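Accompanying notes for the structure given below.
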Amino acid sequence: MSAGAGVRGVPPGRRRLALGGAIAALVVLPLVSGALATASIVGLVRIPVESIVALLVLALIPWRMLRLAVATAFGALVAVAVLVAGIDRGYQAALGIHFVPLDWPQLGDAYGVVASAIGPAAASAVFTLAVMLVVAVGVTAGWAALHVDAALRHRGDHGRAALATVTVAWIVMAVAAPPLRLPDPVAVAASASSLGSAVSRAVSALETRARVARQVAADPYAGVPATDLLTALEGKDVLFVFVESYGRVALEGDDISDGVHDVLRRGEERLGGDGYASRSAWLTSPTFGGVSWLAHATLQTGVWIDAQAVYDLVVRTDRLTLSAAFGRAGWRTVSDVPSNRHPWDVGSSFYRYDTMLDATNVGYRGPSFGYAQIPDQYTLKHFADQVLAASERPVMAEIDLVSSHTPWAPLPRLLPWADVGDGSIYDAQPAQSEQMSEVWKDPRTVQRHYGRSIEYALGSVLSFLENVDDPSLVVIMLGDHQPAAIVSGEDADRDVPISIIARDPAVFDEIAEWEWTSGLRPSDASPVWSMDAFRDRFFAAYRSAG
């Protein structure tokens, strides 16, 4: 059978249409990854070299099965490049970072967030459609290469001449464009470049892991006896309360900050009446828009942890964490992470928590609210009743509040402290389906809902402080990261507020040299620390009694 036999019996018009479609596919599909990388359709107006190389290789192969294998490999290259570029574009839009292939376990968490935002059925449909599109890209690219190769073979010398002409034209344009300062008309392996960039990021991540390993090994507090750590906080209950997505934009963003400032202003007044004082500043988070556990680990370890691969490395070491230090010094250590629904081995093996609370063991009987299965006020009420009031030793805890997690709706309402109960009271509040479609209509709507979620989360913390009678209580309240770009903006920084709240003036005497701002609202003049600097400064401040 000749090379052109496959198209015999097909009307000429349809043959020309099929050939035109195959040529278009060879020109456009390999460029999709580059267009995704630059977020511009201008990247589609070029000549992809990988298509030319594929046709040149196919032209040299006389065996049909080997040509099929080459076309399949070409299609797979294009499909994988589009997949990686698409994931990377999603990471940049949501988290402000590039996707590193070593962080692939995060994709499951990303799917969970999408499912919370649009519902499991819609998320499954989106995931299925995305997979189908990637597969279709690969199959179409492979088919197009075979089809164009067959057409060129059918035309004999004329086909070979056409391929040679295109190849020479590509080379001439590639060489001439830079010195003549012309717009780049050619794409130097857009698909391969996309994959190469991903590989480069993976290599860089491995180099970072090596650097971090050296940093972990050089811990200045590793050999400090437990009796010499945190002595200025002896007898106090110390809570590190992370407020999800509580970033600088919450205090400075249009259509957001007014409500948040009102909550904090009223809170300062009420807390002042109860004998509390507070100091505030800024921390620069290692993450943006999500992946909160990287910020938690950075604060706890004093190591800059900005990628899953680094996190995985650090949690397999014996790096001294804040929780482990408190545990060594005699505190009962507790993690309260209401977003966790499965065993968390790292909590015991690395953070050394004595008690770990999660969605499965806090007795919540109410409905979920989007991603946040348990409202923040319930989390704090349960902690106050079942941990603080019942503990015979001072308590150190990390409490992660998640009601302000994307998609920021639906939100529970603040309740009288005594009415929270087992959470079944929340059954009377709006169902998820009644609010989801409203939230994501436009960015301004999303921003308003984000602001309300922060108001609720901060209100929950203030409700806790007003209702817990604990003169020895010290609360370090902070954000984990800025919200996604749809709220923070494309060029937003990574700063988050941090406040220390306590009744005992000695708590603030130990940190006087920090020069933090009085109150719950840091200002533009407040210090800005890298989040990984906090652990060592905290240890240094509270290591000896005042």
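Here's how to read the names in the structure tokens: chain A, B, ... by the order shown, residue numbers from 1 in each chain, ligand numbers from 1 in the order shown.
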#### Entry: Near-Ala277 in chain A list (9 Å; only C-alpha atoms; drop same-chain fewer than 6 positions) as a PyMOL selection string
chain A and resi 268+271+500-505+508+518-520
Restrict the selected residues to C-alpha atoms and save them as a PDB file, in the first residue's frame.
```
ATOM      1  CA  GLU A 268      -9.317  46.428  71.389  1.00  0.00           C
ATOM      2  CA  LEU A 271     -10.187  43.572  75.624  1.00  0.00           C
ATOM      3  CA  ILE A 500       0.527  39.066  70.790  1.00  0.00           C
ATOM      4  CA  ILE A 501      -2.334  39.415  73.299  1.00  0.00           C
ATOM      5  CA  ALA A 502      -1.959  38.986  77.057  1.00  0.00           C
ATOM      6  CA  ARG A 503      -2.921  40.431  80.436  1.00  0.00           C
ATOM      7  CA  ASP A 504       0.469  40.140  82.130  1.00  0.00           C
ATOM      8  CA  PRO A 505       2.631  43.216  81.354  1.00  0.00           C
ATOM      9  CA  PHE A 508       5.450  42.625  76.705  1.00  0.00           C
ATOM     10  CA  SER A 518       0.496  48.815  70.329  1.00  0.00           C
ATOM     11  CA  GLY A 519      -2.923  47.284  69.573  1.00  0.00           C
ATOM     12  CA  LEU A 520      -4.280  44.631  67.218  1.00  0.00           C
TER      13      LEU A 520
END
```
### Task
Check the DSSP output for the backbone and give back, as a PyMOL selection string, the residues of range 252-391 of chain A in helix (DSSP H, G or I).
chain A and resi 252+257-273+292-301+308-314+322-328+345-349+376-388
Go through range 211-289 of chain A and flag each residue having an atom no more than 6 Å from range 487-498 of chain A; for those, report the closest pair of atoms plus their distance in Å to one decimal, using only C-alpha atoms, ordered by chain and rising number, as a Markdown table.
```
| residue | atom | partner | partner_atom | distance |
| --- | --- | --- | --- | --- |
| A:Gly247 | CA | A:Val496 | CA | 4.2 |
| A:Arg248 | CA | A:Val496 | CA | 5.2 |
| A:Val249 | CA | A:Ser488 | CA | 5.8 |
| A:Ser280 | CA | A:Ile498 | CA | 5.5 |
| A:Ala281 | CA | A:Ile498 | CA | 5.5 |
| A:Trp282 | CA | A:Pro497 | CA | 4.7 |
| A:Leu283 | CA | A:Val496 | CA | 5.3 |
| A:Thr284 | CA | A:Asp495 | CA | 4.3 |
| A:Ser285 | CA | A:Arg494 | CA | 5.4 |
```
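Taking only range 289-391 of chain A, the residues that DSSP calls strand (DSSP E) from the backbone come to Arg332, Thr333, Val334, Ser335, Asp336, Val337, Thr355, Met356, Leu357 and Asp358 of chain A.
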### Task
Would you work out the distance separating CA of Met356 in chain A from CA of Val337 in chain A, expressed in Å to one decimal?
7.8 Å
I'd like a table as JSON lines: residues in range 379-464 of chain A with an atom no more than 10 Å from range 326-330 of chain A, each row giving the shortest atom pair and its distance in Å to one decimal, only C-alpha atoms counted, sorted by chain and rising residue number.
```
{"residue": "A:Arg393", "atom": "CA", "partner": "A:Gly330", "partner_atom": "CA", "distance": 7.8}
{"residue": "A:Pro394", "atom": "CA", "partner": "A:Gly330", "partner_atom": "CA", "distance": 7.9}
{"residue": "A:Val395", "atom": "CA", "partner": "A:Phe326", "partner_atom": "CA", "distance": 8.8}
{"residue": "A:Met396", "atom": "CA", "partner": "A:Phe326", "partner_atom": "CA", "distance": 6.7}
{"residue": "A:Ala397", "atom": "CA", "partner": "A:Phe326", "partner_atom": "CA", "distance": 9.4}
```
What would the file look like if the residues just selected were written as a PDB file, in the first residue's frame with C-alpha atoms?
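Full text of selection24.pdb as output:
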```pdb
ATOM      1  CA  ARG A 393      -0.572  21.637  83.243  1.00  0.00           C
ATOM      2  CA  PRO A 394      -0.032  24.859  81.307  1.00  0.00           C
ATOM      3  CA  VAL A 395      -1.090  24.407  77.696  1.00  0.00           C
ATOM      4  CA  MET A 396       0.738  25.299  74.515  1.00  0.00           C
ATOM      5  CA  ALA A 397      -1.398  24.887  71.408  1.00  0.00           C
TER       6      ALA A 397
END
```
Show me, as a compact mmCIF listing (two decimals) with all heavy atoms, in the first residue's frame, the residues that have an atom within 12 Å of Thr140 in chain A when counting only C-alpha atoms, minus same-chain residues fewer than 3 positions from it.
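Output contents, as saved in result.txt:
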```txt
# COMPACT_ATOMS: atom_id res chain seq x y z
N ALA A 18 -9.02 17.96 5.75
CA ALA A 18 -8.33 17.17 6.77
C ALA A 18 -6.85 17.57 6.85
O ALA A 18 -6.29 17.70 7.94
CB ALA A 18 -8.46 15.68 6.47
N GLY A 21 -6.55 20.89 8.55
CA GLY A 21 -6.73 20.74 9.99
C GLY A 21 -5.49 20.14 10.64
O GLY A 21 -5.09 20.56 11.74
N ALA A 22 -4.86 19.16 9.97
CA ALA A 22 -3.65 18.54 10.51
C ALA A 22 -2.50 19.55 10.59
O ALA A 22 -1.77 19.61 11.59
CB ALA A 22 -3.25 17.35 9.66
N ILE A 23 -2.34 20.37 9.55
CA ILE A 23 -1.29 21.39 9.55
C ILE A 23 -1.54 22.41 10.67
O ILE A 23 -0.63 22.80 11.40
CB ILE A 23 -1.20 22.08 8.18
CG1 ILE A 23 -0.71 21.09 7.13
CG2 ILE A 23 -0.28 23.30 8.25
CD1 ILE A 23 -0.77 21.63 5.72
N ALA A 24 -2.82 22.82 10.81
CA ALA A 24 -3.16 23.77 11.87
C ALA A 24 -2.85 23.20 13.25
O ALA A 24 -2.34 23.89 14.13
CB ALA A 24 -4.63 24.16 11.76
N ALA A 25 -3.17 21.91 13.42
CA ALA A 25 -2.89 21.26 14.71
C ALA A 25 -1.40 21.22 14.99
O ALA A 25 -0.96 21.46 16.12
CB ALA A 25 -3.47 19.85 14.72
N LEU A 26 -0.59 20.93 13.95
CA LEU A 26 0.86 20.89 14.14
C LEU A 26 1.43 22.27 14.47
O LEU A 26 2.44 22.37 15.17
CB LEU A 26 1.54 20.35 12.88
CG LEU A 26 1.51 18.84 12.67
CD1 LEU A 26 2.28 18.47 11.42
CD2 LEU A 26 2.07 18.10 13.87
N VAL A 27 0.78 23.30 13.95
CA VAL A 27 1.27 24.66 14.23
C VAL A 27 0.82 25.12 15.61
O VAL A 27 1.60 25.70 16.38
CB VAL A 27 0.76 25.63 13.15
CG1 VAL A 27 1.08 27.08 13.55
CG2 VAL A 27 1.39 25.30 11.80
N VAL A 28 -0.43 24.85 15.98
CA VAL A 28 -1.00 25.45 17.19
C VAL A 28 -0.74 24.63 18.45
O VAL A 28 -0.30 25.18 19.48
CB VAL A 28 -2.52 25.65 17.01
CG1 VAL A 28 -3.16 26.11 18.31
CG2 VAL A 28 -2.79 26.66 15.91
N LEU A 29 -0.99 23.32 18.42
CA LEU A 29 -0.96 22.53 19.66
C LEU A 29 0.38 22.58 20.39
O LEU A 29 0.39 22.71 21.63
CB LEU A 29 -1.37 21.09 19.36
CG LEU A 29 -2.81 20.89 18.90
CD1 LEU A 29 -3.13 19.42 18.69
CD2 LEU A 29 -3.78 21.50 19.92
N PRO A 30 1.52 22.48 19.72
CA PRO A 30 2.78 22.56 20.47
C PRO A 30 3.02 23.93 21.12
O PRO A 30 3.87 24.06 21.98
CB PRO A 30 3.85 22.27 19.41
CG PRO A 30 3.14 21.50 18.35
CD PRO A 30 1.77 22.12 18.30
N ALA A 71 5.24 9.26 16.22
CA ALA A 71 4.10 10.18 16.29
C ALA A 71 3.44 10.12 17.67
O ALA A 71 3.02 11.15 18.22
CB ALA A 71 3.09 9.85 15.20
N THR A 72 3.36 8.91 18.23
CA THR A 72 2.79 8.78 19.57
C THR A 72 3.64 9.51 20.61
O THR A 72 3.13 10.19 21.49
CB THR A 72 2.66 7.30 19.95
OG1 THR A 72 1.82 6.63 19.00
CG2 THR A 72 2.08 7.13 21.34
N PHE A 74 5.60 12.03 20.04
CA PHE A 74 5.42 13.45 19.79
C PHE A 74 4.13 13.95 20.44
O PHE A 74 4.11 14.98 21.12
CB PHE A 74 5.41 13.72 18.29
CG PHE A 74 4.96 15.10 17.90
CD1 PHE A 74 5.77 16.20 18.14
CD2 PHE A 74 3.73 15.30 17.29
CE1 PHE A 74 5.36 17.48 17.79
CE2 PHE A 74 3.32 16.57 16.92
CZ PHE A 74 4.13 17.66 17.17
N GLY A 75 3.04 13.20 20.24
CA GLY A 75 1.77 13.58 20.85
C GLY A 75 1.84 13.59 22.36
O GLY A 75 1.30 14.49 23.02
N ALA A 76 2.53 12.60 22.94
CA ALA A 76 2.67 12.54 24.39
C ALA A 76 3.46 13.74 24.91
O ALA A 76 3.12 14.31 25.95
CB ALA A 76 3.34 11.23 24.80
N VAL A 78 3.69 16.73 23.58
CA VAL A 78 2.84 17.92 23.52
C VAL A 78 1.80 17.89 24.64
O VAL A 78 1.56 18.90 25.33
CB VAL A 78 2.15 18.03 22.15
CG1 VAL A 78 1.13 19.17 22.14
CG2 VAL A 78 3.20 18.23 21.05
N ALA A 79 1.18 16.72 24.88
CA ALA A 79 0.14 16.62 25.89
C ALA A 79 0.70 16.86 27.29
O ALA A 79 0.11 17.59 28.09
CB ALA A 79 -0.52 15.23 25.82
N MET A 132 -9.75 14.90 29.56
CA MET A 132 -10.16 14.62 28.18
C MET A 132 -9.48 15.58 27.20
O MET A 132 -9.05 15.18 26.12
CB MET A 132 -11.67 14.71 28.06
CG MET A 132 -12.42 13.59 28.80
SD MET A 132 -14.23 13.83 28.78
CE MET A 132 -14.55 13.74 27.01
N LEU A 133 -9.37 16.86 27.59
CA LEU A 133 -8.74 17.84 26.72
C LEU A 133 -7.25 17.54 26.53
O LEU A 133 -6.73 17.64 25.41
CB LEU A 133 -8.92 19.25 27.30
CG LEU A 133 -10.31 19.86 27.18
CD1 LEU A 133 -10.38 21.18 27.94
CD2 LEU A 133 -10.68 20.07 25.72
N VAL A 134 -6.58 17.17 27.62
CA VAL A 134 -5.15 16.86 27.50
C VAL A 134 -4.94 15.64 26.62
O VAL A 134 -4.05 15.61 25.75
CB VAL A 134 -4.54 16.62 28.90
CG1 VAL A 134 -3.13 16.06 28.79
CG2 VAL A 134 -4.52 17.93 29.68
N VAL A 135 -5.77 14.60 26.82
CA VAL A 135 -5.67 13.40 25.99
C VAL A 135 -5.96 13.75 24.53
O VAL A 135 -5.27 13.28 23.61
CB VAL A 135 -6.63 12.31 26.49
CG1 VAL A 135 -6.68 11.14 25.52
CG2 VAL A 135 -6.18 11.82 27.87
N ALA A 136 -6.99 14.59 24.34
CA ALA A 136 -7.35 14.98 22.97
C ALA A 136 -6.20 15.74 22.30
O ALA A 136 -5.93 15.55 21.10
CB ALA A 136 -8.61 15.83 22.98
N VAL A 137 -5.51 16.58 23.05
CA VAL A 137 -4.37 17.31 22.49
C VAL A 137 -3.29 16.34 22.04
O VAL A 137 -2.75 16.45 20.92
CB VAL A 137 -3.79 18.30 23.54
CG1 VAL A 137 -2.41 18.78 23.12
CG2 VAL A 137 -4.72 19.48 23.70
N TRP A 143 -1.87 12.31 15.57
CA TRP A 143 -2.59 12.08 14.29
C TRP A 143 -2.15 13.09 13.24
O TRP A 143 -1.92 12.75 12.08
CB TRP A 143 -4.10 12.19 14.52
CG TRP A 143 -4.87 12.35 13.23
CD1 TRP A 143 -5.25 11.37 12.37
CD2 TRP A 143 -5.30 13.59 12.64
NE1 TRP A 143 -5.89 11.90 11.29
CE2 TRP A 143 -5.95 13.26 11.43
CE3 TRP A 143 -5.22 14.92 13.02
CZ2 TRP A 143 -6.50 14.24 10.60
CZ3 TRP A 143 -5.77 15.89 12.19
CH2 TRP A 143 -6.41 15.55 11.01
N ALA A 144 -2.03 14.35 13.63
CA ALA A 144 -1.66 15.40 12.68
C ALA A 144 -0.28 15.14 12.09
O ALA A 144 -0.07 15.31 10.88
CB ALA A 144 -1.69 16.76 13.37
N ALA A 145 0.66 14.70 12.93
CA ALA A 145 2.01 14.42 12.42
C ALA A 145 1.97 13.29 11.39
O ALA A 145 2.60 13.38 10.33
CB ALA A 145 2.93 14.05 13.59
N LEU A 146 1.23 12.23 11.70
CA LEU A 146 1.12 11.11 10.75
C LEU A 146 0.42 11.53 9.46
O LEU A 146 0.81 11.12 8.35
CB LEU A 146 0.36 9.95 11.40
CG LEU A 146 1.13 9.13 12.45
CD1 LEU A 146 0.20 8.10 13.08
CD2 LEU A 146 2.34 8.44 11.81
N HIS A 147 -0.63 12.32 9.60
CA HIS A 147 -1.41 12.72 8.42
C HIS A 147 -0.59 13.62 7.49
O HIS A 147 -0.60 13.42 6.26
CB HIS A 147 -2.68 13.45 8.87
CG HIS A 147 -3.70 13.59 7.78
ND1 HIS A 147 -4.61 12.60 7.48
CD2 HIS A 147 -3.94 14.61 6.90
CE1 HIS A 147 -5.38 13.00 6.47
NE2 HIS A 147 -4.99 14.22 6.11
N VAL A 148 0.12 14.60 8.08
CA VAL A 148 0.94 15.48 7.25
C VAL A 148 2.09 14.69 6.63
O VAL A 148 2.44 14.90 5.45
CB VAL A 148 1.46 16.67 8.07
CG1 VAL A 148 2.46 17.50 7.27
CG2 VAL A 148 0.30 17.56 8.53
```
### Task
For Thr287 in chain A, work out the shell of residues within 7 Å, counting only C-alpha atoms and skipping chain neighbours fewer than 4 positions away, then give it as a ChimeraX atom specification.
/A:291,294-295,306,481
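In terms of minimum interatomic distance to Arg279 in chain A, A:Trp514 ranks closest within A:Tyr426, A:Trp514, A:Tyr456, A:Tyr221, counting only C-alpha atoms.
Separating CA of Glu513 in chain A from CA of Phe538 in chain A is a distance of 11.9 Å.
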### Message
So the first atom is CA of Gly459 in chain A and the second is CA of Val241 in chain A; what is the distance between them in Å, to one decimal place?
### Response
13.0 Å
### Message
Restricting the calculation to only C-alpha atoms: of A:Ala512, A:Ala485, A:Leu83, A:Leu19, which residue gets closest to Gly289 in chain A?
### Response
A:Ala485
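When only C-alpha atoms are used to measure the gap to Ser33 in chain A, the shortest distance among A:Val310, A:Ile305, A:Ala85, A:Ala226 belongs to A:Ala85.
Residue nearest Arg365 in chain A, chosen from A:Val263, A:Val334, A:Leu411, A:Ile425 and counting only C-alpha atoms: A:Ile425.
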### Query
If we count only C-alpha atoms, what is near Leu465 in chain A at a cut-off of 12 Å, once residues fewer than 6 positions away on the same chain are taken out, given as a PyMOL selection string?
chain A and resi 239+241+267-268+270-277+377+380-381+384+417+458-459+471-477+501-503
Would you write out those residues with N, CA, C and O atoms, as a compact mmCIF listing (two decimals), in the first residue's frame?
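Output contents, as saved in selection.txt:
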```
# COMPACT_ATOMS: atom_id res chain seq x y z
N LEU A 239 -1.04 30.16 73.24
CA LEU A 239 -1.77 29.67 72.06
C LEU A 239 -1.29 30.40 70.81
O LEU A 239 -1.27 31.64 70.77
N VAL A 241 -2.52 31.02 67.29
CA VAL A 241 -3.78 30.93 66.57
C VAL A 241 -3.58 31.45 65.15
O VAL A 241 -3.39 32.65 64.93
N GLY A 267 -12.80 45.27 69.28
CA GLY A 267 -12.14 44.25 70.07
C GLY A 267 -11.10 44.82 71.01
O GLY A 267 -11.01 44.41 72.18
N GLU A 268 -10.31 45.79 70.54
CA GLU A 268 -9.32 46.43 71.39
C GLU A 268 -9.99 47.10 72.59
O GLU A 268 -9.49 47.02 73.72
N ARG A 270 -12.93 46.34 74.00
CA ARG A 270 -13.47 45.37 74.95
C ARG A 270 -12.35 44.64 75.69
O ARG A 270 -12.43 44.40 76.89
N LEU A 271 -11.28 44.27 74.98
CA LEU A 271 -10.19 43.57 75.62
C LEU A 271 -9.48 44.48 76.63
O LEU A 271 -9.05 44.02 77.70
N GLY A 272 -9.35 45.75 76.28
CA GLY A 272 -8.75 46.69 77.23
C GLY A 272 -9.53 46.75 78.52
O GLY A 272 -8.95 46.84 79.61
N GLY A 273 -10.86 46.70 78.41
CA GLY A 273 -11.69 46.69 79.61
C GLY A 273 -11.51 45.45 80.45
O GLY A 273 -11.76 45.47 81.67
N ASP A 274 -11.07 44.36 79.82
CA ASP A 274 -10.83 43.11 80.54
C ASP A 274 -9.39 42.97 81.00
O ASP A 274 -8.99 41.91 81.51
N GLY A 275 -8.58 44.01 80.78
CA GLY A 275 -7.20 43.98 81.25
C GLY A 275 -6.19 43.46 80.25
O GLY A 275 -5.01 43.28 80.60
N TYR A 276 -6.60 43.23 79.02
CA TYR A 276 -5.67 42.75 78.00
C TYR A 276 -4.94 43.91 77.33
O TYR A 276 -5.46 45.02 77.21
N ALA A 277 -3.73 43.63 76.88
CA ALA A 277 -2.99 44.53 76.01
C ALA A 277 -2.53 43.73 74.80
O ALA A 277 -2.62 42.49 74.79
N GLN A 377 -15.75 29.57 65.74
CA GLN A 377 -16.20 29.80 67.11
C GLN A 377 -16.40 28.48 67.84
O GLN A 377 -16.08 28.37 69.04
N LEU A 380 -12.92 27.14 68.94
CA LEU A 380 -12.39 27.81 70.12
C LEU A 380 -13.18 27.50 71.38
O LEU A 380 -12.61 27.35 72.47
N LYS A 381 -14.50 27.36 71.25
CA LYS A 381 -15.34 27.03 72.41
C LYS A 381 -15.01 25.63 72.91
O LYS A 381 -14.86 25.39 74.13
N ALA A 384 -11.65 25.71 74.63
CA ALA A 384 -11.72 26.33 75.95
C ALA A 384 -12.30 25.38 76.99
O ALA A 384 -11.79 25.27 78.11
N TRP A 417 -21.75 32.97 73.23
CA TRP A 417 -20.79 31.93 73.58
C TRP A 417 -21.46 30.69 74.17
O TRP A 417 -21.13 29.55 73.82
N LEU A 458 -11.89 36.77 63.14
CA LEU A 458 -11.38 37.63 64.20
C LEU A 458 -12.41 37.78 65.31
O LEU A 458 -12.06 37.80 66.50
N GLY A 459 -13.67 37.87 64.93
CA GLY A 459 -14.73 37.94 65.93
C GLY A 459 -14.77 36.70 66.80
O GLY A 459 -15.05 36.78 68.02
N PRO A 471 -6.12 34.45 83.53
CA PRO A 471 -5.14 35.55 83.66
C PRO A 471 -3.78 35.23 83.07
O PRO A 471 -3.02 36.15 82.75
N SER A 472 -3.45 33.93 82.94
CA SER A 472 -2.13 33.55 82.42
C SER A 472 -2.13 33.34 80.91
O SER A 472 -1.13 32.91 80.35
N LEU A 473 -3.22 33.66 80.25
CA LEU A 473 -3.35 33.36 78.82
C LEU A 473 -2.49 34.30 77.97
O LEU A 473 -2.47 35.52 78.18
N VAL A 474 -1.78 33.71 77.01
CA VAL A 474 -1.03 34.47 76.00
C VAL A 474 -1.44 33.94 74.63
O VAL A 474 -1.31 32.74 74.36
N VAL A 475 -1.95 34.82 73.78
CA VAL A 475 -2.40 34.42 72.45
C VAL A 475 -1.53 35.11 71.41
O VAL A 475 -1.41 36.35 71.42
N ILE A 476 -0.90 34.32 70.54
CA ILE A 476 -0.19 34.85 69.38
C ILE A 476 -1.08 34.59 68.17
O ILE A 476 -1.21 33.45 67.72
N MET A 477 -1.74 35.62 67.69
CA MET A 477 -2.70 35.49 66.58
C MET A 477 -2.04 36.02 65.31
O MET A 477 -1.52 37.14 65.29
N ILE A 501 -1.27 38.92 72.42
CA ILE A 501 -2.33 39.41 73.30
C ILE A 501 -2.17 38.75 74.66
O ILE A 501 -2.06 37.53 74.76
N ALA A 502 -2.14 39.54 75.71
CA ALA A 502 -1.96 38.99 77.06
C ALA A 502 -2.40 40.01 78.09
O ALA A 502 -2.52 41.21 77.81
N ARG A 503 -2.60 39.54 79.32
CA ARG A 503 -2.92 40.43 80.44
C ARG A 503 -1.68 40.81 81.23
O ARG A 503 -1.61 41.89 81.80
```
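Of the listed residues A:Leu415, A:Val49, A:Leu230, A:Ile87, the one whose atoms come nearest to Arg543 in chain A is A:Leu230, with distances taken using only C-alpha atoms.
Closest to Gly366 in chain A among A:Asp385, A:Asp258, A:Asp427, A:Asp318 is A:Asp427, based on only C-alpha atoms.
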